[in-house]
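Q: Provided below: run04.pdb, containing PDB, C-alpha atoms and all ligand atoms.
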```pdb
ATOM      1  CA  MET C   1     271.753 128.317 -21.906  1.00  0.00           C
ATOM      2  CA  GLN C   2     273.531 131.636 -21.777  1.00  0.00           C
ATOM      3  CA  PRO C   3     275.488 132.745 -23.679  1.00  0.00           C
ATOM      4  CA  ASP C   4     274.079 130.940 -26.731  1.00  0.00           C
ATOM      5  CA  ALA C   5     277.443 130.576 -28.445  1.00  0.00           C
ATOM      6  CA  VAL C   6     278.610 128.147 -25.753  1.00  0.00           C
ATOM      7  CA  GLY C   7     276.041 125.580 -26.899  1.00  0.00           C
ATOM      8  CA  ARG C   8     278.432 123.953 -29.346  1.00  0.00           C
ATOM      9  CA  TYR C   9     280.917 123.149 -26.615  1.00  0.00           C
ATOM     10  CA  PHE C  10     278.466 122.131 -23.923  1.00  0.00           C
ATOM     11  CA  ASP C  11     277.680 118.410 -23.791  1.00  0.00           C
ATOM     12  CA  LYS C  12     275.107 116.920 -21.486  1.00  0.00           C
ATOM     13  CA  ILE C  13     276.012 113.330 -20.684  1.00  0.00           C
ATOM     14  CA  GLN C  14     272.934 112.845 -18.621  1.00  0.00           C
ATOM     15  CA  CYS C  15     270.065 115.080 -17.608  1.00  0.00           C
ATOM     16  CA  PHE C  16     266.832 114.801 -15.688  1.00  0.00           C
ATOM     17  CA  CYS C  17     265.402 116.681 -18.691  1.00  0.00           C
ATOM     18  CA  PHE C  18     265.957 113.788 -21.142  1.00  0.00           C
ATOM     19  CA  GLU C  19     262.852 112.014 -19.913  1.00  0.00           C
ATOM     20  CA  GLU C  20     259.529 113.213 -18.655  1.00  0.00           C
ATOM     21  CA  GLU C  21     259.078 112.395 -14.999  1.00  0.00           C
ATOM     22  CA  LYS C  22     256.276 112.966 -12.586  1.00  0.00           C
ATOM     23  CA  LEU C  23     256.918 115.202  -9.587  1.00  0.00           C
ATOM     24  CA  GLY C  24     253.894 115.153  -7.302  1.00  0.00           C
ATOM     25  CA  PRO C  25     252.650 118.008  -5.113  1.00  0.00           C
ATOM     26  CA  GLY C  26     254.903 118.543  -2.104  1.00  0.00           C
ATOM     27  CA  GLN C  27     257.585 116.144  -3.391  1.00  0.00           C
ATOM     28  CA  THR C  28     261.186 117.213  -3.596  1.00  0.00           C
ATOM     29  CA  ALA C  29     263.853 115.676  -5.776  1.00  0.00           C
ATOM     30  CA  GLU C  30     267.390 116.287  -6.878  1.00  0.00           C
ATOM     31  CA  MET C  31     267.492 116.852 -10.606  1.00  0.00           C
ATOM     32  CA  PRO C  32     270.980 116.017 -11.794  1.00  0.00           C
ATOM     33  CA  VAL C  33     272.607 117.296 -14.950  1.00  0.00           C
ATOM     34  CA  LEU C  34     275.946 115.735 -15.858  1.00  0.00           C
ATOM     35  CA  PHE C  35     277.868 117.669 -18.433  1.00  0.00           C
ATOM     36  CA  TYR C  36     281.265 118.619 -19.660  1.00  0.00           C
ATOM     37  CA  VAL C  37     282.556 121.645 -21.503  1.00  0.00           C
ATOM     38  CA  ASP C  38     284.698 120.652 -24.452  1.00  0.00           C
ATOM     39  CA  PRO C  39     288.226 122.009 -23.883  1.00  0.00           C
ATOM     40  CA  ALA C  40     288.229 123.054 -27.582  1.00  0.00           C
ATOM     41  CA  ILE C  41     286.303 126.086 -26.334  1.00  0.00           C
ATOM     42  CA  LEU C  42     289.611 127.594 -25.237  1.00  0.00           C
ATOM     43  CA  SER C  43     290.899 127.813 -28.785  1.00  0.00           C
ATOM     44  CA  ASP C  44     287.741 129.536 -30.052  1.00  0.00           C
ATOM     45  CA  PRO C  45     288.594 133.247 -30.233  1.00  0.00           C
ATOM     46  CA  ASP C  46     284.976 134.368 -29.744  1.00  0.00           C
ATOM     47  CA  VAL C  47     283.804 132.018 -27.066  1.00  0.00           C
ATOM     48  CA  GLY C  48     287.031 131.129 -25.261  1.00  0.00           C
ATOM     49  CA  LYS C  49     287.010 134.180 -23.021  1.00  0.00           C
ATOM     50  CA  ILE C  50     283.628 133.419 -21.502  1.00  0.00           C
ATOM     51  CA  SER C  51     283.982 132.525 -17.843  1.00  0.00           C
ATOM     52  CA  THR C  52     280.353 132.029 -16.809  1.00  0.00           C
ATOM     53  CA  ILE C  53     277.829 129.658 -18.344  1.00  0.00           C
ATOM     54  CA  THR C  54     274.268 129.760 -17.036  1.00  0.00           C
ATOM     55  CA  LEU C  55     271.869 126.853 -17.408  1.00  0.00           C
ATOM     56  CA  SER C  56     268.262 127.453 -16.498  1.00  0.00           C
ATOM     57  CA  TYR C  57     265.180 125.281 -16.717  1.00  0.00           C
ATOM     58  CA  THR C  58     261.485 126.039 -16.822  1.00  0.00           C
ATOM     59  CA  PHE C  59     259.045 123.509 -15.409  1.00  0.00           C
ATOM     60  CA  PHE C  60     255.699 123.158 -17.117  1.00  0.00           C
ATOM     61  CA  ARG C  61     252.486 121.629 -15.939  1.00  0.00           C
ATOM     62  CA  SER C  62     252.265 118.233 -17.611  1.00  0.00           C
ATOM     63  CA  VAL C  63     249.733 117.807 -20.395  1.00  0.00           C
ATOM     64  CA  ARG C  64     249.252 114.163 -19.474  1.00  0.00           C
ATOM     65  CA  PRO C  65     250.434 113.598 -15.907  1.00  0.00           C
ATOM     66  CA  GLU C  66     249.212 109.970 -15.887  1.00  0.00           C
ATOM     67  CA  GLY C  67     251.625 109.041 -18.663  1.00  0.00           C
ATOM     68  CA  ALA C  68     254.844 110.258 -17.062  1.00  0.00           C
ATOM     69  CA  SER C  69     257.122 107.721 -15.433  1.00  0.00           C
ATOM     70  CA  ASP C  70     257.374 107.657 -11.687  1.00  0.00           C
ATOM     71  CA  LEU C  71     261.041 107.180 -10.973  1.00  0.00           C
ATOM     72  CA  GLY C  72     262.330 105.391  -7.881  1.00  0.00           C
ATOM     73  CA  ARG C  73     264.533 108.341  -7.045  1.00  0.00           C
ATOM     74  CA  PHE C  74     261.425 110.338  -6.130  1.00  0.00           C
ATOM     75  CA  GLU C  75     260.341 107.866  -3.487  1.00  0.00           C
ATOM     76  CA  GLN C  76     260.737 109.190   0.027  1.00  0.00           C
ATOM     77  CA  ALA C  77     261.377 106.391   2.491  1.00  0.00           C
ATOM     78  CA  ALA C  78     261.484 107.538   6.105  1.00  0.00           C
ATOM     79  CA  ALA C  79     264.107 105.305   7.712  1.00  0.00           C
ATOM     80  CA  PRO C  80     265.075 102.660   5.223  1.00  0.00           C
ATOM     81  CA  SER C  81     266.401  99.297   6.294  1.00  0.00           C
ATOM     82  CA  ASP C  82     269.768  98.258   4.855  1.00  0.00           C
ATOM     83  CA  HIS C  83     267.864  96.398   2.219  1.00  0.00           C
ATOM     84  CA  ALA C  84     265.729  99.388   1.190  1.00  0.00           C
ATOM     85  CA  SER C  85     268.790 101.597   1.280  1.00  0.00           C
ATOM     86  CA  ALA C  86     270.723  99.249  -1.018  1.00  0.00           C
ATOM     87  CA  GLU C  87     267.699  98.922  -3.253  1.00  0.00           C
ATOM     88  CA  ARG C  88     267.448 102.694  -3.633  1.00  0.00           C
ATOM     89  CA  GLY C  89     271.228 102.849  -3.967  1.00  0.00           C
ATOM     90  CA  ARG C  90     270.964 100.730  -7.070  1.00  0.00           C
ATOM     91  CA  GLU C  91     268.873 103.505  -8.666  1.00  0.00           C
ATOM     92  CA  VAL C  92     271.310 106.147  -7.471  1.00  0.00           C
ATOM     93  CA  PHE C  93     274.125 104.133  -9.009  1.00  0.00           C
ATOM     94  CA  ALA C  94     272.255 103.854 -12.311  1.00  0.00           C
ATOM     95  CA  VAL C  95     271.540 107.582 -12.428  1.00  0.00           C
ATOM     96  CA  ARG C  96     274.736 109.043 -10.982  1.00  0.00           C
ATOM     97  CA  CYS C  97     277.509 106.520 -11.539  1.00  0.00           C
ATOM     98  CA  GLY C  98     276.456 104.272 -14.420  1.00  0.00           C
ATOM     99  CA  VAL C  99     277.572 106.616 -17.194  1.00  0.00           C
ATOM    100  CA  CYS C 100     281.170 106.114 -16.132  1.00  0.00           C
ATOM    101  CA  HIS C 101     281.164 102.956 -13.996  1.00  0.00           C
ATOM    102  CA  ASP C 102     280.083  99.388 -14.484  1.00  0.00           C
ATOM    103  CA  LEU C 103     280.309  96.632 -11.879  1.00  0.00           C
ATOM    104  CA  GLU C 104     282.298  94.132 -13.951  1.00  0.00           C
ATOM    105  CA  HIS C 105     284.077  96.199 -16.591  1.00  0.00           C
ATOM    106  CA  ASN C 106     286.145  99.338 -16.767  1.00  0.00           C
ATOM    107  CA  LYS C 107     284.466 102.188 -18.633  1.00  0.00           C
ATOM    108  CA  SER C 108     285.632 105.788 -18.407  1.00  0.00           C
ATOM    109  CA  GLY C 109     285.858 104.975 -14.670  1.00  0.00           C
ATOM    110  CA  PRO C 110     287.131 101.756 -13.061  1.00  0.00           C
ATOM    111  CA  MET C 111     284.872  98.748 -12.355  1.00  0.00           C
ATOM    112  CA  LEU C 112     283.209  98.954  -8.949  1.00  0.00           C
ATOM    113  CA  GLY C 113     281.612  95.532  -8.279  1.00  0.00           C
ATOM    114  CA  ASN C 114     284.095  94.586  -5.557  1.00  0.00           C
ATOM    115  CA  VAL C 115     285.350  98.034  -4.613  1.00  0.00           C
ATOM    116  CA  ILE C 116     284.757  97.813  -0.860  1.00  0.00           C
ATOM    117  CA  GLY C 117     287.842  96.279   0.709  1.00  0.00           C
ATOM    118  CA  ARG C 118     289.859  96.858  -2.492  1.00  0.00           C
ATOM    119  CA  LYS C 119     292.885  99.144  -2.452  1.00  0.00           C
ATOM    120  CA  ALA C 120     292.365 102.420  -4.289  1.00  0.00           C
ATOM    121  CA  GLY C 121     293.747 102.519  -7.800  1.00  0.00           C
ATOM    122  CA  LYS C 122     293.860  98.729  -8.255  1.00  0.00           C
ATOM    123  CA  ALA C 123     291.122  97.720 -10.710  1.00  0.00           C
ATOM    124  CA  PRO C 124     292.998  95.528 -13.229  1.00  0.00           C
ATOM    125  CA  GLY C 125     293.544  97.156 -16.604  1.00  0.00           C
ATOM    126  CA  TYR C 126     292.321 100.628 -15.653  1.00  0.00           C
ATOM    127  CA  ALA C 127     294.568 103.649 -16.345  1.00  0.00           C
ATOM    128  CA  TYR C 128     294.326 105.665 -13.121  1.00  0.00           C
ATOM    129  CA  SER C 129     295.515 109.169 -12.459  1.00  0.00           C
ATOM    130  CA  ILE C 130     298.877 109.083 -10.719  1.00  0.00           C
ATOM    131  CA  PRO C 131     297.550 110.407  -7.366  1.00  0.00           C
ATOM    132  CA  LEU C 132     294.826 107.755  -7.169  1.00  0.00           C
ATOM    133  CA  ALA C 133     297.165 104.959  -8.253  1.00  0.00           C
ATOM    134  CA  ALA C 134     299.599 106.025  -5.524  1.00  0.00           C
ATOM    135  CA  ALA C 135     297.009 106.642  -2.781  1.00  0.00           C
ATOM    136  CA  ASP C 136     297.376 104.483   0.297  1.00  0.00           C
ATOM    137  CA  VAL C 137     293.639 103.943   0.785  1.00  0.00           C
ATOM    138  CA  THR C 138     291.556 100.793   1.128  1.00  0.00           C
ATOM    139  CA  TRP C 139     287.950 101.536   0.225  1.00  0.00           C
ATOM    140  CA  SER C 140     285.498 101.299   3.115  1.00  0.00           C
ATOM    141  CA  PRO C 141     281.991 102.748   3.586  1.00  0.00           C
ATOM    142  CA  ASP C 142     283.584 105.551   5.602  1.00  0.00           C
ATOM    143  CA  ASN C 143     286.193 106.747   3.157  1.00  0.00           C
ATOM    144  CA  LEU C 144     283.873 106.172   0.181  1.00  0.00           C
ATOM    145  CA  ASP C 145     281.552 108.681   1.818  1.00  0.00           C
ATOM    146  CA  LYS C 146     284.386 111.213   1.940  1.00  0.00           C
ATOM    147  CA  TRP C 147     285.416 110.439  -1.631  1.00  0.00           C
ATOM    148  CA  LEU C 148     281.873 110.909  -2.899  1.00  0.00           C
ATOM    149  CA  GLN C 149     281.559 114.243  -1.102  1.00  0.00           C
ATOM    150  CA  GLY C 150     284.462 115.535  -3.161  1.00  0.00           C
ATOM    151  CA  PRO C 151     286.936 113.198  -4.864  1.00  0.00           C
ATOM    152  CA  LYS C 152     289.541 115.914  -5.355  1.00  0.00           C
ATOM    153  CA  GLY C 153     289.242 117.050  -1.747  1.00  0.00           C
ATOM    154  CA  PHE C 154     289.829 113.484  -0.599  1.00  0.00           C
ATOM    155  CA  ILE C 155     292.681 112.672  -3.001  1.00  0.00           C
ATOM    156  CA  ALA C 156     294.186 115.801  -4.524  1.00  0.00           C
ATOM    157  CA  GLY C 157     294.643 115.408  -8.263  1.00  0.00           C
ATOM    158  CA  ALA C 158     292.162 112.534  -8.633  1.00  0.00           C
ATOM    159  CA  ARG C 159     290.282 112.692 -11.888  1.00  0.00           C
ATOM    160  CA  MET C 160     286.681 111.785 -11.017  1.00  0.00           C
ATOM    161  CA  PRO C 161     284.742 114.861 -12.168  1.00  0.00           C
ATOM    162  CA  VAL C 162     281.554 114.510 -10.091  1.00  0.00           C
ATOM    163  CA  SER C 163     280.533 114.425  -6.446  1.00  0.00           C
ATOM    164  CA  VAL C 164     277.398 113.395  -4.564  1.00  0.00           C
ATOM    165  CA  PRO C 165     276.345 116.286  -2.306  1.00  0.00           C
ATOM    166  CA  ASP C 166     273.249 114.553  -0.902  1.00  0.00           C
ATOM    167  CA  SER C 167     274.146 112.451   2.163  1.00  0.00           C
ATOM    168  CA  ARG C 168     271.218 110.100   1.649  1.00  0.00           C
ATOM    169  CA  ASP C 169     272.299 109.374  -1.912  1.00  0.00           C
ATOM    170  CA  ARG C 170     275.814 108.667  -0.677  1.00  0.00           C
ATOM    171  CA  ARG C 171     274.614 106.366   2.087  1.00  0.00           C
ATOM    172  CA  ASP C 172     272.348 104.438  -0.281  1.00  0.00           C
ATOM    173  CA  VAL C 173     274.846 104.032  -3.094  1.00  0.00           C
ATOM    174  CA  ILE C 174     277.428 102.804  -0.571  1.00  0.00           C
ATOM    175  CA  ALA C 175     274.851 100.367   0.877  1.00  0.00           C
ATOM    176  CA  TYR C 176     274.303  99.121  -2.669  1.00  0.00           C
ATOM    177  CA  LEU C 177     278.031  98.619  -3.263  1.00  0.00           C
ATOM    178  CA  GLU C 178     278.293  96.818   0.092  1.00  0.00           C
ATOM    179  CA  SER C 179     275.406  94.530  -0.819  1.00  0.00           C
ATOM    180  CA  LEU C 180     277.389  93.338  -3.856  1.00  0.00           C
ATOM    181  CA  GLN C 181     280.376  92.132  -1.878  1.00  0.00           C
ATOM    182  CA  PRO C 182     280.962  88.383  -1.724  1.00  0.00           C
ATOM    183  CA  GLY C 183     280.226  86.956   1.706  1.00  0.00           C
ATOM    184  CA  ARG C 184     277.569  89.548   2.431  1.00  0.00           C
ATOM    185  CA  PRO C 185     273.987  88.412   2.748  1.00  0.00           C
ATOM    186  CA  THR C 186     272.643  88.606  -0.779  1.00  0.00           C
ATOM    187  CA  THR C 187     269.616  90.727  -1.430  1.00  0.00           C
ATOM    188  CA  GLU C 188     267.765  91.392  -4.644  1.00  0.00           C
ATOM    189  CA  ALA C 189     269.921  94.481  -4.891  1.00  0.00           C
ATOM    190  CA  ALA C 190     272.893  92.222  -5.536  1.00  0.00           C
ATOM    191  CA  VAL C 191     271.595  91.357  -9.002  1.00  0.00           C
ATOM    192  CA  PRO C 192     272.929  94.076 -11.309  1.00  0.00           C
TER     193      PRO C 192
HETATM  194  C1  LIG X   1     281.719 111.389 -15.258  1.00  0.00           C
HETATM  195  C2  LIG X   1     282.330 110.112 -14.909  1.00  0.00           C
HETATM  196  C3  LIG X   1     282.162 109.569 -13.501  1.00  0.00           C
HETATM  197  C4  LIG X   1     281.013 109.464 -12.740  1.00  0.00           C
HETATM  198  C5  LIG X   1     279.623 109.953 -13.104  1.00  0.00           C
HETATM  199  C6  LIG X   1     281.412 108.784 -11.530  1.00  0.00           C
HETATM  200  N1  LIG X   1     282.735 108.472 -11.557  1.00  0.00           N
HETATM  201 FE1  LIG X   1     283.764 107.438 -10.142  1.00  0.00          FE
HETATM  202  N2  LIG X   1     285.465 107.645 -11.209  1.00  0.00           N
HETATM  203  C7  LIG X   1     285.575 108.269 -12.430  1.00  0.00           C
HETATM  204  C8  LIG X   1     286.953 108.274 -12.853  1.00  0.00           C
HETATM  205  C9  LIG X   1     287.501 108.875 -14.164  1.00  0.00           C
HETATM  206  C10 LIG X   1     287.681 107.627 -11.829  1.00  0.00           C
HETATM  207  C11 LIG X   1     289.204 107.409 -11.786  1.00  0.00           C
HETATM  208  C12 LIG X   1     289.821 108.654 -11.165  1.00  0.00           C
HETATM  209  C13 LIG X   1     291.329 108.701 -11.197  1.00  0.00           C
HETATM  210  O1  LIG X   1     291.976 107.854 -11.836  1.00  0.00           O
HETATM  211  O2  LIG X   1     291.836 109.634 -10.551  1.00  0.00           O
HETATM  212  C14 LIG X   1     286.708 107.234 -10.816  1.00  0.00           C
HETATM  213  C15 LIG X   1     287.047 106.551  -9.657  1.00  0.00           C
HETATM  214  C16 LIG X   1     286.124 106.105  -8.712  1.00  0.00           C
HETATM  215  C17 LIG X   1     286.449 105.338  -7.533  1.00  0.00           C
HETATM  216  C18 LIG X   1     287.822 104.835  -7.133  1.00  0.00           C
HETATM  217  C19 LIG X   1     287.947 103.395  -7.574  1.00  0.00           C
HETATM  218  C20 LIG X   1     289.305 102.751  -7.403  1.00  0.00           C
HETATM  219  O3  LIG X   1     289.495 101.725  -8.021  1.00  0.00           O
HETATM  220  O4  LIG X   1     290.142 103.279  -6.656  1.00  0.00           O
HETATM  221  C21 LIG X   1     285.282 105.097  -6.878  1.00  0.00           C
HETATM  222  C22 LIG X   1     285.103 104.327  -5.583  1.00  0.00           C
HETATM  223  C23 LIG X   1     284.236 105.745  -7.633  1.00  0.00           C
HETATM  224  N3  LIG X   1     284.780 106.338  -8.737  1.00  0.00           N
HETATM  225  C24 LIG X   1     282.906 105.709  -7.275  1.00  0.00           C
HETATM  226  C25 LIG X   1     281.905 106.376  -7.975  1.00  0.00           C
HETATM  227  C26 LIG X   1     280.516 106.343  -7.587  1.00  0.00           C
HETATM  228  C27 LIG X   1     279.950 105.552  -6.419  1.00  0.00           C
HETATM  229  C28 LIG X   1     279.852 107.135  -8.474  1.00  0.00           C
HETATM  230  C29 LIG X   1     278.391 107.494  -8.481  1.00  0.00           C
HETATM  231  C30 LIG X   1     277.885 108.134  -7.295  1.00  0.00           C
HETATM  232  C31 LIG X   1     280.824 107.656  -9.423  1.00  0.00           C
HETATM  233  N4  LIG X   1     282.050 107.167  -9.093  1.00  0.00           N
HETATM  234  C32 LIG X   1     280.521 108.479 -10.502  1.00  0.00           C
HETATM  235  C33 LIG X   1     284.548 108.806 -13.161  1.00  0.00           C
HETATM  236  C34 LIG X   1     283.238 108.934 -12.732  1.00  0.00           C
END
```
Turn this file's structure into structure tokens for me.
Ligand code: HEC
A:
Amino acid sequence: MQPDAVGRYFDKIQCFCFEEEKLGPGQTAEMPVLFYVDPAILSDPDVGKISTITLSYTFFRSVRPEGASDLGRFEQAAAPSDHASAERGREVFAVRCGVCHDLEHNKSGPMLGNVIGRKAGKAPGYAYSIPLAAADVTWSPDNLDKWLQGPKGFIAGARMPVSVPDSRDRRDVIAYLESLQPGRPTTEAAVP
């Protein structure tokens, strides 16, 4: 990380680098890093003026490639059925949403188990930002896709700090959320 002094204020919530994973020849994968910069940085006279932080990673040949875990997110399915899509979406949810969202409980983000068909800003007991609480939106696969592309672009002033740039990840995580809805055909993916 450059500059070094920023290290104290830079917190990784989740990183592909926390666990060794196997990436085979010719495979491609998104390698997410979720982080925040502690706002206390602004009151540090030495570090507060820095406006660019650079993170870089070096990949090494594994010393024991057989031992590394083979994560589901590296699997390339050509044209997944709804079921396969929801199944993969469960992994996407675990990796990209689970730090902040649970299905049944509010965490730093609102509970999402029954989000499709629910009005935005209406999970009981969750303290929403004012713009999201006031938004006249009922969550559907379509508008969830827009939200996940850029929450603040979809609802200005919303507080969700991440987006999902990969369209396949968005499709699969939405398929997963759909598979959880009551009245939908249950699949294995419905078991959290
Ligand atoms: C770093 C934390 C964080 C991550 C990661 C995150 N979210 Fe959120 N999410 C939030 C917060 C905070 C809100 C509430 C925003 C507000 O009040 O403006 C939110 C709100 C939402 C809402 C609106 C719910 C409602 O009740 O209106 C949906 C839908 C949502 N998130 C889906 C997702 C999905 C799907 C993922 C994973 C791809 C994800 N989020 C990842 C923090 C996060």
Q: What do you get, as a VMD selection string, if you spell out every residue that the PyMOL selection byres (((chain C and resi 7) around 12) and not hetatm) selects here?
A: chain C and resid 1 to 6 8 to 12 35 to 38 41 47 53 to 55
Q: With the file shown as input, list the residues that the PyMOL selection byres (((not hetatm)) within 6 of (chain X and resi 1)) selects, as a list in words.
A: Phe93, Arg96, Cys97, Val99, Cys100, Ser108, Gly109, Pro110, Ala120, Gly121, Lys122, Ala123, Tyr128, Ser129, Leu132, Ala158, Arg159, Met160, Pro161, Val162 and Val164 of chain C
Q: As JSON, please report the centre and edge lengths, rounded to one decimal in Å, of the axis-aligned box that holds all listed atoms of region 49-65 of chain C with 6 Å of padding on each of the six sides.
A:
```
{"center_x": 268.1, "center_y": 123.9, "center_z": -19.2, "size_x": 49.8, "size_y": 32.6, "size_z": 19.6}
```
Q: Hey, what's within 10 Å of Asp142 (chain C) if we count all atoms listed in the file and toss same-chain stuff fewer than 4 positions away? As a list of chain:residue names, please?
A: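 Result of the neighbour search: C:Lys146, C:Trp147, C:Arg171, C:Ile174.
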Q: Would you list the residues near (281.7, 110.9, -2.7), meaning any protein, DNA or RNA residue with an atom at most 9 Å from that point in file coordinates, counting all atoms listed in the file, as a list in words?
A: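 Those residues lying close to the given coordinates are Asn143, Leu144, Asp145, Lys146, Trp147, Leu148, Gln149, Gly150, Pro151, Phe154, Val162, Ser163, Val164, Pro165 and Arg170 of chain C.
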Q: When you count all atoms listed in the file, which of these residues is closest to Ser140 (chain C): C:Ser62, C:Ser167, C:Gln181, C:Gln14?
A: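 Checking each candidate against Ser140 (chain C), we get C:Gln181 as the closest.
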Q: Would you compute the distance between CA of Asp172 (chain C) and CA of Thr58 (chain C)? Give it in Å to one decimal.
A: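 Spanning CA of Asp172 (chain C) to CA of Thr58 (chain C) is a straight-line distance of 29.3 Å.
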Q: Name the residues that the PyMOL selection byres (((chain C and resi 30) around 10) and not hetatm) picks from the file above, as a PyMOL selection string, using the file's chain letters and numbers.
A: chain C and resi 16+28-29+31-33+73-74+166+169
